[in-house]
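S.K.: Input: one structure, supplied below.
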Amino acid sequence: MQLSRLVYYSKFNMHSRGDALAEELKQILANAIRNNTARGITGGLIFNRKFFAQVLEGGHTAVTQTFVRINADKRHKDLVLAEMKPVSERLFGAWAMGYAGNTELFKRLSATYDGGFDPKNMPPSVLTSFILALVTDGEKVASSEKVFAA
């Protein structure tokens with residue numbers, strides 16, 4: 001199996017707020033963990049009420065099919081495929097879908113960028129590292145059991 005890594009970002013296009021938004025995000029994560037586990041996909045998702053940014057890793061076909069479904073999801077606006085490439089190992093092997101929201105670390109890391117966090121101004125490798133740092137820091141939030149060898 002050819003292992004691939006896909007990185008994308010999109011503008012947040014959800015209308016829920018407060019507890020309703022938190023519940024919707026929990027459902028998104030629960031579905032992602034279930035579906036990704038079944039498809040052999042690992043990854044990380046970050047969200048800050050402006051943007052979603054995500055890394056998906058797995059077999060090329062499974063990652064591509066997952067991205068096609070995400071692209072059709074109306075909760076995303078102006079979705080951009082930042083990178084898709086073959087890789088020799090997983091960076092996100094510990095998470096069927098790790099998640100980090102707008103945490104203190106997110107705010108600290110964002111402050112290092114002129115104008116704050118804006119994924120369109122980040123090279124894919126930097127965006128991947130940014131997501132990995134946040135998901136690693138917040139790993140208790142979502143699936144944190146070892147799914148595949150990292």
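Just remember, in the structure tokens the first chain shown is A, the second B, etc., residues are 1-based per chain, and ligands are 1-based in the order shown.
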Please identify which residues in chain A DSSP calls helix (DSSP H, G or I) from the backbone, and express them as a ChimeraX atom specification.
M.R.: /A:18-39,60-72,104-111,119-121,124-137
S.K.: Near Val135 (chain A), within 6 Å and counting only C-alpha atoms, which residues show up once chain neighbours fewer than 6 positions away are dropped, as a list in words?
M.R.: Gly98, Tyr99 and Ala100 of chain A
S.K.: So how far away is CA of Arg39 (chain A) from CA of Gln65 (chain A), in Å?
M.R.: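 Going from CA of Gln65 (chain A) over to CA of Arg39 (chain A) covers 9.9 Å.
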S.K.: Just list the residues in chain A DSSP gives strand (DSSP E or B) on the backbone, as a VMD selection string.
M.R.: chain A and resid 3 to 12 42 to 47 51 to 59 76 to 86 98 to 100
S.K.: Can you tell me, as a ChimeraX atom specification, what residues are no more than 7 Å from region 76-90 of chain A when counting only C-alpha atoms, ignoring any on the same chain fewer than 6 positions away?
M.R.: /A:2-13,57,124,150
S.K.: With only C-alpha atoms as the atoms that count, which of A:Gln27, A:Gly58, A:Phe52, A:Ala22 lies nearest to Gly93 (chain A)?
M.R.: A:Gly58
S.K.: Which one is closest to Ala30 (chain A): A:Ile131, A:Pro123, A:Ala96, A:His15? Count only C-alpha atoms.
M.R.: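 Closest to Ala30 (chain A), using only C-alpha atoms: A:Ala96.
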S.K.: Could you check the closest approach to Trp95 (chain A) for each of A:Leu134, A:Ile33, A:Ile70, A:Ala111 and tell me which residue wins, using only C-alpha atoms?
M.R.: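 Among the listed residues, A:Ile33 lies closest to Trp95 (chain A).
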